[in-house]
Amino acid sequence: MSQLLIEYPLTRPHVWDNPLARGADGVLRYGNLTPALTELLDLQVHAFSTREAVVEVGGPRLTYRELWHSASRIAGGLQEHGIGYGDRVAIHMPSGARWVQAFLGALLSGAVPVLVHDGLPEAVAERVIADSRADFVLGRARAGAELPDGAAYIDDGAALGDLALLCYTSGTTTPKGVELTNENLLSAVRSMVAALDLPTDGLRNLVLLPLAHASGCVDQLLPTFAVGGTVVLARDTRALAEAIAVERIDMVSATPRIFAGLLPELAELRAEGLCTEGIARISKAGHRGERAAAAATPADLTAELRGMFPTARQWSVWGATETSGIGLAVDDAEQAEEPSGADAVLGFPFGGTELALWGPRATAGRGELLCRGPNVTPRYWNDPTTTAARFTGTWFHTGDQVTIDADGLVRRGAALAE
């Protein structure tokens, strides 16, 4: 049976999207991005130098000036080890202030950070590092080693189309390297800031997502920095409730599985008088890696969280590593209107993301979800075969079977085998 590609035109005004124009390749793109991620961050450092940039619960606290200075010294140390523009530096350590310093240090050196999740089995982590052809490893693969330290250095020669980050897929037995350019990252940051209406008056975002995933690094860490906010990180959940109060948290970001696991503790602490009215935003990252945990996640998670954080606006953001972790979003108010038993809602497209369906039933509104946009990777790392298999022109094959309503709302059906 023949395969059909049916494109879905935008049916909702992209009120979240700042100026977008269609390029020669047909993809919507932002027209006023800074040339590189490091330049955007440098601007924010100078605008918010004395604000806290990153806080590790029970650990270091760094202002923007302190973080930038330490990262530039790490960049200088990498330069002294022969690392320069375009080299790959693997970051393989637990999430925390040190991870952020290492990540920014690699960026400032001109290198391409390679994100290696700390929770991977050692053999898988070694395969990822080997596949990336990393020129240097920061973290556990260099156990006991201090981060490089040298004269402060900042490489500012990158351009929008240059490779900026190498991020590996999760939820598969063989992670695949995904190339994300400066344009991909800056577009995702711009889209998230607009979609979640992030304020510039001192946002404090408790990020419980792994920083080695696109959902943690690209969709939470970087947008928080883009508005001069504070990223709060917790090594474990035992101190979470206290951190919400003590650190004056007004946004919490996690996966539905993480939130579901925290519900009993949050309920107990709320009964003890924990004030949660200060939480204004909840961001739930629902991506491909969450499929296996779907059965363990309460169907009424949104309602449960509303009971814990009564004044917070909840957003569910769907994406894949290949889409910089973003692409679809829906808020809890719209999701609450879904009839009982409805297929899982993934959301509406945002941030220049456009949708298509692929398959014999595409004309009937059901098929494999394809997407394209300024946040979508141009290719897999060193893997032209997979790139050719997962792209039709500029359209990325997500592997998810979905339905798309007339108004653009996407619901998930049975997943395709990967």
# chains A, B, ... in the order shown; residues from 1 in each chain; ligands from 1

$ select_by_dssp --residues "stretch 27-196 of chain A" --states "strand (DSSP E or B)" --output "number ranges by chain"
A: 28-30, 52-56, 61-63, 88-92, 112-115, 136-139, 163-168, 177-181

$ write_last_selection --atoms "C-alpha atoms" --output "CSV table (one decimal), in the first residue's frame"
chain,number,residue,atom,x,y,z
A,28,LEU,CA,9.8,28.6,9.1
A,29,ARG,CA,12.7,30.4,10.8
A,30,TYR,CA,13.3,33.2,13.2
A,52,GLU,CA,22.1,33.9,41.0
A,53,ALA,CA,22.4,31.8,37.9
A,54,VAL,CA,22.6,28.4,39.3
A,55,VAL,CA,21.9,27.0,42.8
A,56,GLU,CA,22.6,23.4,43.8
A,61,ARG,CA,25.6,29.0,44.5
A,62,LEU,CA,26.9,31.0,41.6
A,63,THR,CA,25.9,34.4,40.2
A,88,ARG,CA,34.1,17.5,20.9
A,89,VAL,CA,34.1,17.6,24.7
A,90,ALA,CA,32.0,14.9,26.5
A,91,ILE,CA,30.2,16.0,29.7
A,92,HIS,CA,29.8,12.9,31.8
A,112,VAL,CA,30.9,21.0,20.8
A,113,PRO,CA,29.6,19.6,24.1
A,114,VAL,CA,28.6,16.0,24.0
A,115,LEU,CA,25.9,15.2,26.6
A,136,PHE,CA,38.3,15.3,25.8
A,137,VAL,CA,36.0,14.0,28.6
A,138,LEU,CA,34.9,16.0,31.6
A,139,GLY,CA,33.6,14.0,34.5
A,163,LEU,CA,27.1,22.5,15.2
A,164,ALA,CA,26.7,23.6,18.8
A,165,LEU,CA,25.6,20.5,20.7
A,166,LEU,CA,25.7,16.7,20.3
A,167,CYS,CA,22.9,15.1,22.2
A,168,TYR,CA,22.1,11.4,22.2
A,177,GLY,CA,23.9,11.1,18.1
A,178,VAL,CA,21.7,14.1,17.2
A,179,GLU,CA,23.4,17.2,15.8
A,180,LEU,CA,21.9,20.5,17.1
A,181,THR,CA,23.1,23.7,15.5

$ residues_around --residues "A:Leu301" --least-positions-apart "4" --cutoff "10 Å" --atoms "only C-alpha atoms" --output "list in words"
Pro256, Arg257, Phe259, Ala260, Leu263, Thr297, Leu305, Arg306 and Gly307 of chain A

$ write_last_selection --atoms "N, CA and C atoms" --output "PDB file, in the first residue's frame"
ATOM      1  N   PRO A 256       6.373  13.720  33.666  1.00  0.00           N
ATOM      2  CA  PRO A 256       5.218  13.211  34.402  1.00  0.00           C
ATOM      3  C   PRO A 256       5.585  12.098  35.364  1.00  0.00           C
ATOM      4  N   ARG A 257       6.518  11.243  34.988  1.00  0.00           N
ATOM      5  CA  ARG A 257       6.930  10.153  35.874  1.00  0.00           C
ATOM      6  C   ARG A 257       7.551  10.691  37.158  1.00  0.00           C
ATOM      7  N   PHE A 259       7.074  13.714  38.479  1.00  0.00           N
ATOM      8  CA  PHE A 259       6.013  14.349  39.253  1.00  0.00           C
ATOM      9  C   PHE A 259       5.163  13.307  39.974  1.00  0.00           C
ATOM     10  N   ALA A 260       4.818  12.224  39.285  1.00  0.00           N
ATOM     11  CA  ALA A 260       3.987  11.180  39.897  1.00  0.00           C
ATOM     12  C   ALA A 260       4.679  10.577  41.113  1.00  0.00           C
ATOM     13  N   LEU A 263       4.326  12.898  44.249  1.00  0.00           N
ATOM     14  CA  LEU A 263       3.010  13.253  44.782  1.00  0.00           C
ATOM     15  C   LEU A 263       2.831  12.894  46.256  1.00  0.00           C
ATOM     16  N   THR A 297       2.029   6.261  35.447  1.00  0.00           N
ATOM     17  CA  THR A 297       1.708   7.655  35.704  1.00  0.00           C
ATOM     18  C   THR A 297       0.208   7.811  35.911  1.00  0.00           C
ATOM     19  N   LEU A 305      -1.637  17.610  40.622  1.00  0.00           N
ATOM     20  CA  LEU A 305      -0.707  18.727  40.732  1.00  0.00           C
ATOM     21  C   LEU A 305      -1.441  20.038  40.980  1.00  0.00           C
ATOM     22  N   ARG A 306      -2.632  20.168  40.409  1.00  0.00           N
ATOM     23  CA  ARG A 306      -3.405  21.378  40.654  1.00  0.00           C
ATOM     24  C   ARG A 306      -3.777  21.478  42.130  1.00  0.00           C
ATOM     25  N   GLY A 307      -4.025  20.314  42.752  1.00  0.00           N
ATOM     26  CA  GLY A 307      -4.317  20.324  44.175  1.00  0.00           C
ATOM     27  C   GLY A 307      -3.118  20.732  45.009  1.00  0.00           C
TER      28      GLY A 307
END

$ residues_around --residues "A:Tyr64" --least-positions-apart "6" --cutoff "7 Å" --atoms "only C-alpha atoms" --output "ChimeraX atom specification"
/A:45,48-53

$ write_last_selection --atoms "N, CA and C atoms" --output "PDB file, in the first residue's frame"
ATOM      1  N   VAL A  45      24.638  37.628  30.820  1.00  0.00           N
ATOM      2  CA  VAL A  45      25.608  37.745  31.917  1.00  0.00           C
ATOM      3  C   VAL A  45      25.840  39.210  32.263  1.00  0.00           C
ATOM      4  N   PHE A  48      22.537  40.703  33.892  1.00  0.00           N
ATOM      5  CA  PHE A  48      22.101  40.163  35.192  1.00  0.00           C
ATOM      6  C   PHE A  48      23.289  39.634  35.997  1.00  0.00           C
ATOM      7  N   SER A  49      24.391  40.335  35.972  1.00  0.00           N
ATOM      8  CA  SER A  49      25.649  39.807  36.517  1.00  0.00           C
ATOM      9  C   SER A  49      25.571  39.417  37.988  1.00  0.00           C
ATOM     10  N   THR A  50      24.800  40.137  38.797  1.00  0.00           N
ATOM     11  CA  THR A  50      24.778  39.863  40.238  1.00  0.00           C
ATOM     12  C   THR A  50      23.669  38.896  40.656  1.00  0.00           C
ATOM     13  N   ARG A  51      22.797  38.543  39.719  1.00  0.00           N
ATOM     14  CA  ARG A  51      21.753  37.573  40.050  1.00  0.00           C
ATOM     15  C   ARG A  51      22.346  36.175  40.175  1.00  0.00           C
ATOM     16  N   GLU A  52      21.677  35.335  40.959  1.00  0.00           N
ATOM     17  CA  GLU A  52      22.081  33.933  41.011  1.00  0.00           C
ATOM     18  C   GLU A  52      21.710  33.257  39.695  1.00  0.00           C
ATOM     19  N   ALA A  53      22.669  32.570  39.110  1.00  0.00           N
ATOM     20  CA  ALA A  53      22.429  31.847  37.869  1.00  0.00           C
ATOM     21  C   ALA A  53      22.089  30.391  38.134  1.00  0.00           C
TER      22      ALA A  53
END

$ atom_distance --atom1 "atom CA of A:Asp131" --atom2 "atom CA of A:Gly105"
21.7 Å

$ atom_distance --atom1 "atom CA of A:Ala158" --atom2 "atom CA of A:Leu41"
13.3 Å

$ closest_residue --among "A:Leu240, A:Ala71, A:Leu209, A:Val189" --to "A:Gly150" --atoms "only C-alpha atoms"
A:Ala71
